[in-house]
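K.L.:
File name structure_17.cif; file contents mmCIF, C-alpha atoms; full text below.
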```cif
data_input
#
loop_
_atom_site.label_atom_id
_atom_site.label_comp_id
_atom_site.auth_asym_id
_atom_site.auth_seq_id
_atom_site.Cartn_x
_atom_site.Cartn_y
_atom_site.Cartn_z
CA MET A 24 82.88 162.49 84.79
CA ALA A 25 84.95 164.29 87.47
CA MET A 26 84.50 161.28 89.77
CA GLN A 27 85.81 158.93 87.02
CA GLU A 28 88.88 161.13 86.47
CA GLU A 29 89.54 161.19 90.21
CA LYS A 30 89.42 157.36 90.38
CA GLU A 31 91.83 157.05 87.45
CA ARG A 32 94.20 159.54 89.13
CA GLU A 33 94.10 157.52 92.37
CA LYS A 34 94.75 154.28 90.46
CA SER A 35 97.74 155.87 88.71
CA ILE A 36 99.17 157.00 92.05
CA VAL A 37 98.72 153.49 93.52
CA ASP A 38 100.34 151.83 90.48
CA SER A 39 103.25 154.26 90.61
CA ALA A 40 103.75 153.60 94.32
CA ALA A 41 103.61 149.84 93.74
CA SER A 42 106.17 150.16 90.96
CA ASP A 43 108.47 152.26 93.16
CA THR A 44 108.06 149.73 95.98
CA SER A 45 108.92 146.87 93.61
CA LEU A 46 112.05 148.68 92.43
CA GLN A 47 113.01 149.51 95.99
CA ASN A 48 112.60 145.88 97.03
CA ALA A 49 114.71 144.78 94.07
CA VAL A 50 117.46 147.19 95.07
CA GLN A 51 117.30 146.24 98.75
CA GLY A 52 117.18 142.54 97.80
CA GLU A 53 120.62 142.71 96.24
CA THR A 54 122.18 142.87 99.69
CA ASP A 55 120.94 139.33 100.34
CA PHE A 56 123.37 137.87 97.77
CA PHE A 57 126.92 137.19 98.86
CA HIS A 58 128.32 135.87 95.58
CA PRO A 59 128.27 137.60 92.17
CA ALA A 60 126.91 134.44 90.51
CA ASP A 61 123.88 134.50 92.82
CA MET A 62 123.43 138.20 92.13
CA ALA A 63 123.54 137.48 88.40
CA ASP A 64 120.80 134.85 88.77
CA HIS A 65 118.73 137.40 90.67
CA LEU A 66 119.23 140.02 87.95
CA GLU A 67 118.12 137.61 85.22
CA ASN A 68 114.76 137.21 86.96
CA LEU A 69 114.11 140.96 87.19
CA SER A 70 112.40 143.17 84.66
CA PRO A 71 114.65 145.42 82.52
CA GLN A 72 113.66 148.45 84.61
CA GLU A 73 114.46 146.64 87.85
CA GLN A 74 117.81 145.46 86.48
CA LEU A 75 118.82 149.04 85.73
CA SER A 76 117.62 150.26 89.12
CA VAL A 77 119.63 147.59 90.96
CA LEU A 78 122.82 148.21 89.00
CA GLU A 79 122.48 151.99 89.34
CA ASN A 80 122.30 151.73 93.12
CA MET A 81 124.92 149.03 93.74
CA PRO A 82 128.58 149.84 94.43
CA ALA A 83 130.37 149.87 91.07
CA GLU A 84 132.71 147.03 92.09
CA ASP A 85 129.78 144.75 93.04
CA ALA A 86 127.89 145.68 89.87
CA ALA A 87 130.97 144.83 87.79
CA GLU A 88 131.28 141.39 89.38
CA ALA A 89 127.58 140.65 88.86
CA LEU A 90 127.67 141.84 85.24
CA ALA A 91 130.67 139.59 84.55
CA GLU A 92 128.63 136.56 85.70
CA LEU A 93 125.67 137.33 83.41
CA ASP A 94 125.27 135.75 80.01
CA GLU A 95 127.26 137.94 77.62
CA ASP A 96 124.25 138.78 75.43
CA LEU A 97 122.21 139.91 78.43
CA ALA A 98 125.17 141.77 79.95
CA GLY A 99 125.68 143.69 76.71
CA ASP A 100 121.99 144.55 76.55
CA VAL A 101 122.01 145.80 80.14
CA LEU A 102 125.16 147.82 79.50
CA GLU A 103 123.52 149.55 76.52
CA ARG A 104 120.54 150.57 78.64
CA LEU A 105 122.61 151.99 81.50
CA LYS A 106 123.55 155.67 81.52
CA PRO A 107 126.92 156.02 79.74
CA GLU A 108 128.67 157.46 82.79
CA ARG A 109 127.44 154.59 85.00
CA ALA A 110 128.26 151.96 82.36
CA THR A 111 131.79 153.37 82.05
CA GLU A 112 132.22 153.30 85.82
CA ILE A 113 131.20 149.63 85.95
CA LEU A 114 133.42 148.67 83.00
CA SER A 115 136.42 150.28 84.68
CA GLU A 116 135.93 147.97 87.67
CA MET A 117 135.74 144.79 85.56
CA SER A 118 138.74 142.65 84.67
CA PRO A 119 139.88 143.45 81.10
CA ASP A 120 138.89 140.08 79.63
CA ASP A 121 135.36 140.24 81.07
CA ALA A 122 134.93 143.86 80.01
CA ALA A 123 136.06 143.03 76.48
CA ASP A 124 133.61 140.10 76.26
CA VAL A 125 130.70 142.31 77.32
CA LEU A 126 131.68 145.18 75.03
CA ASP A 127 131.78 142.74 72.11
CA GLU A 128 128.00 142.40 72.51
CA VAL A 129 127.42 146.17 72.45
CA GLN A 130 126.63 147.99 69.20
CA GLN A 131 129.69 149.61 67.64
CA GLU A 132 128.44 153.20 67.98
CA HIS A 133 127.58 152.83 71.67
CA ARG A 134 130.80 150.90 72.29
CA ASN A 135 132.83 153.84 70.95
CA VAL A 136 130.96 156.21 73.26
CA LEU A 137 131.77 154.08 76.30
CA LEU A 138 135.43 153.64 75.35
CA SER A 139 135.81 157.39 74.78
CA ARG A 140 134.73 158.00 78.39
CA MET A 141 137.22 155.54 79.86
CA ASP A 142 140.82 156.11 80.86
CA GLU A 143 142.87 156.17 77.67
CA GLU A 144 145.18 153.34 78.74
CA ASP A 145 142.27 151.10 79.82
CA ALA A 146 140.36 151.83 76.62
CA GLU A 147 143.38 150.93 74.50
CA GLU A 148 143.79 147.66 76.43
CA LEU A 149 140.14 146.74 75.76
CA ARG A 150 140.46 147.58 72.05
CA ARG A 151 143.52 145.31 71.86
CA LEU A 152 141.70 142.44 73.55
CA MET A 153 138.66 142.84 71.29
CA SER A 154 140.91 142.62 68.24
CA PHE A 155 141.55 138.92 68.99
CA ASP A 156 139.18 136.23 67.74
CA ALA A 157 136.78 135.35 70.58
CA ASP A 158 137.35 131.62 69.99
CA THR A 159 141.12 131.80 70.43
CA ALA A 160 143.50 132.03 73.38
CA GLY A 161 143.84 135.76 72.76
CA GLY A 162 140.09 136.17 72.99
CA ILE A 163 139.85 134.56 76.44
CA MET A 164 143.13 135.66 78.04
CA ASN A 165 143.40 137.91 81.07
CA THR A 166 146.07 140.59 81.15
CA GLU A 167 145.98 141.25 84.92
CA ILE A 168 149.04 139.15 85.74
CA ILE A 169 152.16 139.35 87.87
CA ARG A 170 154.99 140.13 85.46
CA LEU A 171 158.54 140.20 86.87
CA ARG A 172 161.89 140.99 85.25
CA GLU A 173 164.40 138.15 85.40
CA THR A 174 167.04 140.54 86.74
CA LEU A 175 165.17 140.94 90.05
CA THR A 176 166.12 139.04 93.20
CA ALA A 177 163.51 137.02 95.09
CA ASP A 178 163.30 139.72 97.78
CA GLU A 179 162.81 142.49 95.23
CA ALA A 180 160.19 140.40 93.42
CA ILE A 181 158.20 139.86 96.63
CA LEU A 182 158.22 143.59 97.36
CA GLU A 183 157.08 144.33 93.80
CA ILE A 184 154.27 141.77 94.08
CA ARG A 185 153.09 143.34 97.33
CA HIS A 186 152.98 146.71 95.61
CA GLY A 187 151.20 145.22 92.60
CA MET A 188 148.56 143.52 94.76
CA GLU A 189 147.31 146.96 95.71
CA GLU A 190 146.11 147.18 92.11
CA ASP A 191 143.82 144.16 92.71
CA ARG A 192 145.42 141.69 90.32
CA GLU A 193 142.92 138.96 89.43
CA VAL A 194 145.42 136.27 88.41
CA ALA A 195 147.66 135.61 91.40
CA TYR A 196 148.53 131.92 91.08
CA TYR A 197 151.89 132.37 89.36
CA ALA A 198 154.50 135.02 88.71
CA TYR A 199 155.67 135.27 85.10
CA VAL A 200 159.33 136.04 84.54
CA VAL A 201 160.25 137.98 81.39
CA ASP A 202 163.40 139.45 79.92
CA ARG A 203 163.88 143.08 78.86
CA LYS A 204 162.01 142.37 75.58
CA ASP A 205 159.01 140.96 77.48
CA ILE A 206 159.79 137.44 76.21
CA LEU A 207 158.57 134.84 78.70
CA THR A 208 161.51 132.98 80.21
CA GLY A 209 159.93 131.19 83.15
CA VAL A 210 157.01 130.72 85.52
CA LEU A 211 157.20 130.65 89.31
CA SER A 212 154.44 129.66 91.68
CA LEU A 213 154.05 132.17 94.47
CA ARG A 214 154.87 129.41 96.95
CA ASP A 215 158.22 128.69 95.27
CA LEU A 216 158.98 132.39 95.12
CA MET A 217 158.25 132.91 98.83
CA LEU A 218 160.49 129.94 99.74
CA SER A 219 163.40 131.07 97.57
CA ARG A 220 166.60 131.95 99.39
CA PRO A 221 167.13 135.69 99.92
CA GLY A 222 169.23 137.18 97.14
CA THR A 223 168.38 134.47 94.61
CA MET A 224 168.11 135.92 91.10
CA LEU A 225 164.91 135.04 89.31
CA ARG A 226 166.83 133.95 86.22
CA ASP A 227 168.62 131.38 88.43
CA ALA A 228 165.33 130.20 89.95
CA ILE A 229 163.95 129.32 86.51
CA VAL A 230 167.08 127.88 84.95
CA ASP A 231 166.42 124.91 82.60
CA GLN A 232 162.67 125.43 82.97
CA ASP A 233 160.56 124.19 80.04
CA VAL A 234 157.68 126.65 79.89
CA ILE A 235 154.41 125.41 78.37
CA THR A 236 152.59 128.15 76.50
CA VAL A 237 149.99 128.66 73.78
CA ARG A 238 150.01 131.28 71.05
CA TYR A 239 147.32 133.94 70.92
CA ASP A 240 145.69 132.38 67.82
CA THR A 241 145.39 128.87 69.32
CA ASP A 242 141.81 127.59 69.27
CA ARG A 243 140.19 127.78 72.68
CA GLU A 244 139.36 124.06 72.63
CA GLU A 245 143.07 123.30 72.28
CA VAL A 246 143.78 125.68 75.18
CA ALA A 247 141.29 123.73 77.30
CA ARG A 248 142.95 120.44 76.34
CA VAL A 249 146.42 121.71 77.30
CA MET A 250 145.25 123.06 80.65
CA SER A 251 143.39 119.85 81.41
CA ARG A 252 146.39 117.72 80.43
CA TYR A 253 148.83 119.56 82.67
CA ASN A 254 146.37 120.54 85.46
CA PHE A 255 147.34 124.21 85.31
CA MET A 256 145.42 126.97 87.05
CA ALA A 257 146.58 129.40 84.38
CA LEU A 258 148.32 129.03 81.02
CA PRO A 259 150.57 131.74 79.49
CA VAL A 260 149.54 133.19 76.12
CA VAL A 261 152.38 134.49 73.94
CA ASP A 262 152.88 135.91 70.46
CA TYR A 263 155.00 134.32 67.72
CA GLU A 264 158.17 135.87 69.18
CA GLY A 265 157.41 134.47 72.65
CA ARG A 266 156.41 137.79 74.22
CA LEU A 267 153.98 137.38 77.11
CA LEU A 268 150.51 138.76 76.29
CA GLY A 269 148.38 137.36 79.12
CA VAL A 270 147.11 134.10 80.59
CA ALA A 271 144.10 131.84 80.13
CA THR A 272 142.62 130.95 83.52
CA TYR A 273 140.83 127.86 84.75
CA ASP A 274 137.47 129.63 85.23
CA ASP A 275 137.40 130.55 81.54
CA ILE A 276 138.35 126.98 80.62
CA MET A 277 135.44 125.60 82.67
CA ASP A 278 133.09 127.87 80.72
CA ILE A 279 134.64 126.71 77.44
CA ILE A 280 134.24 123.03 78.30
CA GLN A 281 130.61 123.59 79.26
CA ASP A 282 129.93 125.62 76.10
CA GLU A 283 131.57 123.05 73.83
CA ALA A 284 129.65 120.18 75.46
CA SER A 285 126.38 122.08 74.93
CA GLU A 286 127.28 122.87 71.33
CA ASP A 287 128.09 119.22 70.62
CA MET A 288 124.83 118.05 72.14
CA LEU A 289 122.77 120.57 70.17
CA GLY A 290 124.76 120.09 66.98
CA MET A 291 124.30 116.31 66.99
CA VAL A 292 120.55 116.71 66.49
CA GLY A 293 120.72 119.66 64.09
CA ALA A 294 119.70 122.42 66.52
CA GLY A 295 121.52 125.76 66.62
CA GLN A 296 124.79 125.31 68.50
CA ASP A 297 124.35 128.68 70.23
CA GLU A 298 120.64 128.20 70.83
CA THR A 299 119.02 128.59 74.25
CA VAL A 300 115.45 128.84 75.52
CA ASP A 301 115.88 132.63 75.33
CA THR A 302 116.73 132.57 71.62
CA PRO A 303 113.99 134.29 69.55
CA TRP A 304 111.80 131.60 68.01
CA ARG A 305 112.31 132.94 64.48
CA ASP A 306 116.08 132.53 64.87
CA SER A 307 115.57 128.97 66.14
CA VAL A 308 113.45 128.15 63.09
CA ARG A 309 116.14 129.60 60.82
CA MET A 310 118.87 127.50 62.48
CA ARG A 311 116.91 124.25 62.63
CA LEU A 312 115.09 124.32 59.30
CA PRO A 313 118.06 123.46 57.02
CA TRP A 314 118.78 120.28 58.96
CA LEU A 315 115.11 119.36 59.05
CA VAL A 316 115.14 119.61 55.25
CA VAL A 317 118.21 117.36 55.16
CA ASN A 318 116.44 114.93 57.48
CA MET A 319 113.42 114.94 55.19
CA ALA A 320 115.66 114.06 52.23
CA THR A 321 117.36 111.21 54.09
CA SER A 322 113.98 109.91 55.28
CA ALA A 323 112.83 109.93 51.67
CA LEU A 324 115.79 107.68 50.86
CA SER A 325 114.67 105.18 53.51
CA ALA A 326 111.11 105.35 52.18
CA PHE A 327 112.39 104.68 48.66
CA VAL A 328 114.24 101.56 49.88
CA VAL A 329 110.99 100.28 51.41
CA TYR A 330 109.14 101.09 48.17
CA LEU A 331 111.60 98.92 46.20
CA PHE A 332 110.44 95.92 48.23
CA GLU A 333 106.74 96.73 48.14
CA GLY A 334 105.96 93.33 46.66
CA ALA A 335 107.88 91.44 49.33
CA ILE A 336 106.05 93.30 52.09
CA ALA A 337 102.70 92.61 50.41
CA ASP A 338 103.49 88.87 50.27
CA MET A 339 104.66 88.73 53.90
CA ALA A 340 103.12 91.43 56.07
CA LEU A 341 105.20 90.29 59.05
CA LEU A 342 108.22 91.93 57.42
CA ALA A 343 106.67 95.36 57.98
CA VAL A 344 106.35 94.56 61.68
CA LEU A 345 109.95 93.43 62.12
CA MET A 346 111.93 95.85 59.98
CA PRO A 347 111.63 98.86 62.40
CA MET A 348 113.27 96.67 65.08
CA VAL A 349 116.32 96.18 62.87
CA ALA A 350 116.71 99.91 62.15
CA ASN A 351 116.04 100.96 65.74
CA GLN A 352 118.57 98.55 67.24
CA ALA A 353 121.24 99.60 64.74
CA GLY A 354 120.46 103.27 65.34
CA ASN A 355 120.99 102.86 69.06
CA THR A 356 124.28 101.04 68.48
CA GLY A 357 125.41 103.85 66.19
CA GLN A 358 124.44 106.56 68.68
CA GLN A 359 126.56 104.88 71.35
CA ALA A 360 129.59 104.82 69.04
CA LEU A 361 128.87 108.39 67.94
CA ALA A 362 128.74 109.70 71.52
CA VAL A 363 132.00 107.98 72.48
CA MET A 364 133.82 109.31 69.40
CA ILE A 365 132.58 112.89 69.77
CA ARG A 366 133.53 112.92 73.44
CA GLN A 367 137.00 111.68 72.53
CA LEU A 368 137.43 114.32 69.85
CA ALA A 369 136.30 117.02 72.28
CA THR A 370 138.72 116.08 75.06
CA GLU A 371 141.80 114.77 73.23
CA ARG A 372 143.65 115.43 70.03
CA PHE A 373 143.45 112.30 67.84
CA GLU A 374 146.18 111.15 65.51
CA THR A 375 144.74 109.85 62.25
CA ARG A 376 145.97 106.30 62.79
CA LYS A 377 144.67 106.14 66.34
CA ALA A 378 141.35 107.58 65.23
CA TRP A 379 140.72 104.92 62.63
CA CYS A 380 141.86 102.24 65.07
CA ALA A 381 139.05 103.52 67.29
CA VAL A 382 136.63 102.95 64.38
CA LEU A 383 137.80 99.33 64.10
CA ARG A 384 137.34 98.99 67.87
CA GLU A 385 133.74 100.15 67.58
CA GLY A 386 133.29 97.72 64.70
CA LYS A 387 134.38 94.84 66.94
CA ILE A 388 131.97 96.00 69.64
CA GLY A 389 129.15 96.24 67.11
CA LEU A 390 129.93 92.79 65.71
CA PHE A 391 130.06 91.06 69.09
CA ALA A 392 127.00 92.86 70.51
CA GLY A 393 125.20 92.29 67.20
CA PHE A 394 125.87 88.57 67.35
CA ILE A 395 124.34 88.32 70.84
CA MET A 396 121.30 90.41 69.87
CA ALA A 397 120.93 88.39 66.65
CA MET A 398 120.69 85.16 68.64
CA ILE A 399 118.06 86.67 70.93
CA ALA A 400 116.12 87.99 67.92
CA CYS A 401 116.30 84.63 66.14
CA VAL A 402 114.76 82.82 69.10
CA GLY A 403 112.10 85.50 69.57
CA VAL A 404 111.05 85.54 65.90
CA CYS A 405 110.99 81.74 65.69
CA VAL A 406 108.66 81.57 68.70
CA PHE A 407 106.51 84.43 67.46
CA SER A 408 106.19 83.36 63.81
CA SER A 409 106.97 79.62 63.98
CA SER A 410 109.36 80.23 61.06
CA PHE A 411 113.01 79.30 61.56
CA SER A 412 113.92 80.79 58.16
CA LEU A 413 112.44 84.18 59.12
CA GLY A 414 114.36 84.02 62.41
CA LEU A 415 117.64 83.47 60.55
CA VAL A 416 116.92 86.34 58.14
CA MET A 417 116.04 88.63 61.04
CA SER A 418 119.21 87.71 62.95
CA ALA A 419 121.45 88.17 59.89
CA ALA A 420 119.91 91.57 59.11
CA LEU A 421 120.22 92.70 62.72
CA LEU A 422 123.88 91.65 62.88
CA GLY A 423 124.67 93.40 59.60
CA ASP A 424 122.88 96.63 60.47
CA MET A 425 124.34 96.85 63.99
CA LEU A 426 127.81 96.47 62.50
CA LEU A 427 126.97 99.20 59.99
CA GLY A 428 125.68 101.44 62.78
CA ALA A 429 128.82 101.01 64.91
CA LEU A 430 131.15 101.73 62.00
CA ALA A 431 129.10 104.70 60.75
CA GLY A 432 128.64 106.19 64.22
CA SER A 433 132.38 106.23 64.84
CA ALA A 434 133.43 107.22 61.31
CA ILE A 435 131.02 110.12 60.62
CA PRO A 436 132.65 112.53 63.14
CA LEU A 437 136.08 111.74 61.68
CA ILE A 438 134.85 112.41 58.15
CA PHE A 439 133.31 115.71 59.25
CA ARG A 440 136.58 116.72 60.92
CA ALA A 441 138.57 115.75 57.82
CA ILE A 442 136.51 118.12 55.63
CA GLY A 443 136.83 120.92 58.16
CA ARG A 444 133.37 120.72 59.74
CA ASP A 445 132.35 120.39 63.37
CA PRO A 446 132.40 116.61 64.11
CA ALA A 447 129.15 116.87 66.07
CA GLN A 448 127.20 118.89 63.52
CA ALA A 449 124.02 116.96 62.66
CA SER A 450 125.94 113.66 62.93
CA SER A 451 122.88 111.84 64.26
CA ILE A 452 120.83 112.83 61.18
CA PHE A 453 123.29 111.19 58.80
CA LEU A 454 123.72 108.21 61.11
CA THR A 455 119.96 107.63 61.22
CA ALA A 456 119.79 107.84 57.42
CA LEU A 457 122.44 105.11 57.08
CA THR A 458 121.06 102.74 59.70
CA ASP A 459 117.45 103.10 58.51
CA SER A 460 118.01 102.78 54.78
CA GLY A 461 120.79 100.20 55.26
CA GLY A 462 118.74 98.16 57.71
CA PHE A 463 115.64 98.15 55.51
CA PHE A 464 117.70 97.18 52.46
CA ILE A 465 119.55 94.35 54.23
CA PHE A 466 116.44 92.92 55.92
CA LEU A 467 114.08 93.17 52.95
CA GLY A 468 116.80 92.08 50.53
CA LEU A 469 117.55 88.94 52.52
CA ALA A 470 113.84 88.22 52.93
CA SER A 471 113.26 88.55 49.19
CA ALA A 472 116.20 86.27 48.41
CA PHE A 473 115.53 83.49 50.90
CA LEU A 474 111.87 83.62 51.95
CA LEU A 475 109.86 84.59 48.86
#
```
Show me this structure written as structure tokens.
P.N.:
Amino acid sequence: MAMQEEKEREKSIVDSAASDTSLQNAVQGETDFFHPADMADHLENLSPQEQLSVLENMPAEDAAEALAELDEDLAGDVLERLKPERATEILSEMSPDDAADVLDEVQQEHRNVLLSRMDEEDAEELRRLMSFDADTAGGIMNTEIIRLRETLTADEAILEIRHGMEEDREVAYYAYVVDRKDILTGVLSLRDLMLSRPGTMLRDAIVDQDVITVRYDTDREEVARVMSRYNFMALPVVDYEGRLLGVATYDDIMDIIQDEASEDMLGMVGAGQDETVDTPWRDSVRMRLPWLVVNMATSALSAFVVYLFEGAIADMALLAVLMPMVANQAGNTGQQALAVMIRQLATERFETRKAWCAVLREGKIGLFAGFIMAMIACVGVCVFSSSFSLGLVMSAALLGDMLLGALAGSAIPLIFRAIGRDPAQASSIFLTALTDSGGFFIFLGLASAFLL
């Protein structure tokens, strides 16, 4: 018995040593990463205990940069598990916009504890940023900017910037010129400011300047479109009176574009738009199930159309072989039109007239491509079945359904947008319902009218 206890004690000591060694290796391994994004990838592959050990032993500035690169859900979870004093230290080193994003994922009670430990001015800044909707310009803006009074001269502005750089400003592409009420009056690139003649007043350097801004409640997709259109590195965010609040930066816009593209791709097939492989499976079921039910209902409609022509299929079994080809070809045509339209809506604001002209364009494409495919199908069916009449019916049905698919694929996103829904949300489900039921009805209807 004593021998057994001794063995268990030795095993416990070995396991504890192995665990300590693993943690030590994880901590030492962080020195091998030279970029915060690489460090973030490393952290994601560690156990929760190892993550805490690494972040506890890293310099606060490095830990802040790595935490900012993590997925916000994971960063919030890590922040909750850190000791409050260490979490506060890391948050203080983060840029305000990143810190606000991470704190948004922390439970309210714990968030209040962390904010209470921070410098009062910094805590108030974070509370203000978290008050903005996360999907708006205010929710993504950075407040660490170079703000200059228009009454300064170029020399005075350069001296002030040098002093401000000691505070580690993150956004240093432009200097933002404001009046005494903090209303934005102009933007100067640092290059233009450095090349200005000595003694030049800033208000003279920005005379007749047309400043492009967005308001704090502008949707983040619109912010991305504006920045992409004008190729800005940063875009000023103002309130309704024109007072400068902060700037949206290009790195945030890149994340937005990637997120929106992922959401569109997932939404098209009825998956959760925020879903990842790390999403709990029960949540994935909850998000996907409603659209699977909708898909079941639309499939039942297609089945009902086939049932209506049960007699025609019984008289000519070849119809059952050919009708999936009609629906499949039309579905592919519709998916092409759908993808083009959703991409257009995601990258450019559409006027109503231009949008519906795009639908007519897709209709022309569907008609022309359908005519070519119809000719190919007619020849193939005639050779296969030795029936010219069946070949004509097949070609007519294929042409009609491909036209339907092109028009539906381009119109469905516009209809969704018109009723205030995401244009990509489950679009492919409704498109498939139309091309399947429409294709079966056209093909079997024509066959019943002309062949039986």
K.L.:
What is the atom CA of Leu90 of chain A to atom CA of Val125 of chain A distance in Å?
P.N.:
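Distance between the two atoms: 8.5 Å.
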K.L.:
Just want the 10 Å neighbourhood of Val270 of chain A, counted on only C-alpha atoms, with same-chain residues fewer than 2 positions away dropped. Output as a PyMOL selection string.
P.N.:
chain A and resi 160-161+163-168+194+199+236-237+239+256-261+267-268+272-273
K.L.:
Produce the centre coordinates and the three edge lengths, each in Å to one decimal, of the box along x, y and z that contains all listed atoms of segment 158-165 of chain A with 8 Å added on each side, as AutoDock Vina command-line options.
P.N.:
```
--center_x 140.6 --center_y 134.8 --center_z 75.5 --size_x 22.5 --size_y 22.3 --size_z 27.1
```
K.L.:
Once the PyMOL selection byres ((chain A and resi 328) around 9) has been evaluated on this model, what residues remain selected, and can you format them as a PyMOL selection string?
P.N.:
chain A and resi 323-327+329-332+460-461+463-464+467
K.L.:
Please dump the current selection as an mmCIF file, in the frame of the given file; keep C-alpha atoms.
P.N.:
```
data_model
loop_
_atom_site.group_PDB
_atom_site.id
_atom_site.type_symbol
_atom_site.label_atom_id
_atom_site.label_comp_id
_atom_site.auth_asym_id
_atom_site.auth_seq_id
_atom_site.Cartn_x
_atom_site.Cartn_y
_atom_site.Cartn_z
ATOM 1 C CA ALA A 323 112.830 109.930 51.670
ATOM 2 C CA LEU A 324 115.790 107.680 50.860
ATOM 3 C CA SER A 325 114.670 105.180 53.510
ATOM 4 C CA ALA A 326 111.110 105.350 52.180
ATOM 5 C CA PHE A 327 112.390 104.680 48.660
ATOM 6 C CA VAL A 329 110.990 100.280 51.410
ATOM 7 C CA TYR A 330 109.140 101.090 48.170
ATOM 8 C CA LEU A 331 111.600 98.920 46.200
ATOM 9 C CA PHE A 332 110.440 95.920 48.230
ATOM 10 C CA SER A 460 118.010 102.780 54.780
ATOM 11 C CA GLY A 461 120.790 100.200 55.260
ATOM 12 C CA PHE A 463 115.640 98.150 55.510
ATOM 13 C CA PHE A 464 117.700 97.180 52.460
ATOM 14 C CA LEU A 467 114.080 93.170 52.950
#
```
K.L.:
Would you write out, as a PyMOL selection string, every residue that the PyMOL selection byres ((chain A and resi 223-227) around 10) captures in this file?
P.N.:
chain A and resi 171-180+200-202+208-211+216+219-222+228-231
K.L.:
Suppose you want the space between atom CA of Leu475 of chain A and atom CA of Phe411 of chain A; what is it in Å?
P.N.:
14.1 Å
K.L.:
Measuring atom to atom with all atoms listed in the file, identify which of A:Thr241, A:Arg305, A:Leu345, A:Ala431 is nearest to Phe407 of chain A.
P.N.:
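Among the listed residues, the smallest separation from Phe407 of chain A belongs to A:Leu345.
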K.L.:
Take atom CA of His133 of chain A and atom CA of Leu114 of chain A and report the distance between them in Å, one decimal.
P.N.:
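Computed distance, atom CA of His133 of chain A to atom CA of Leu114 of chain A, equals 13.4 Å.
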K.L.:
Determine, counting all atoms listed in the file, which protein, DNA and RNA residues have an atom within 10 Å of an atom of Val404 of chain A; residues of the same chain fewer than 2 positions away are not included. Present the result as an NGL selection string.
P.N.:
:A and (345 or 399-402 or 406-418)
K.L.:
Which residues, named as in the file, does the PyMOL selection byres ((chain A and resi 430) around 8) pick out? Answer as a ChimeraX atom specification.
P.N.:
/A:357,360,382-383,385-386,389,426-429,431-434
K.L.:
Which residues, written as JSON, numbers by chain, have at least one atom at most 12 Å from segment 373-380 of chain A, with all atoms listed in the file counted and residues fewer than 4 positions away on the same chain left out?
P.N.:
{"A": [245, 248, 363, 364, 365, 366, 367, 368, 369, 384, 385, 386, 387, 430, 431, 433, 434, 435, 436, 437, 438, 440, 441]}
K.L.:
Could you pull the residues within 8 Å of Leu75 of chain A, counting all atoms listed in the file, minus those fewer than 6 positions along the same chain, as JSON, numbers by chain?
P.N.:
{"A": [101, 104, 105]}
K.L.:
Have a look at A:Met396, A:Ser212, A:Arg150, A:Phe453 and name the one nearest to Ala320 of chain A; count all atoms listed in the file.
P.N.:
A:Phe453
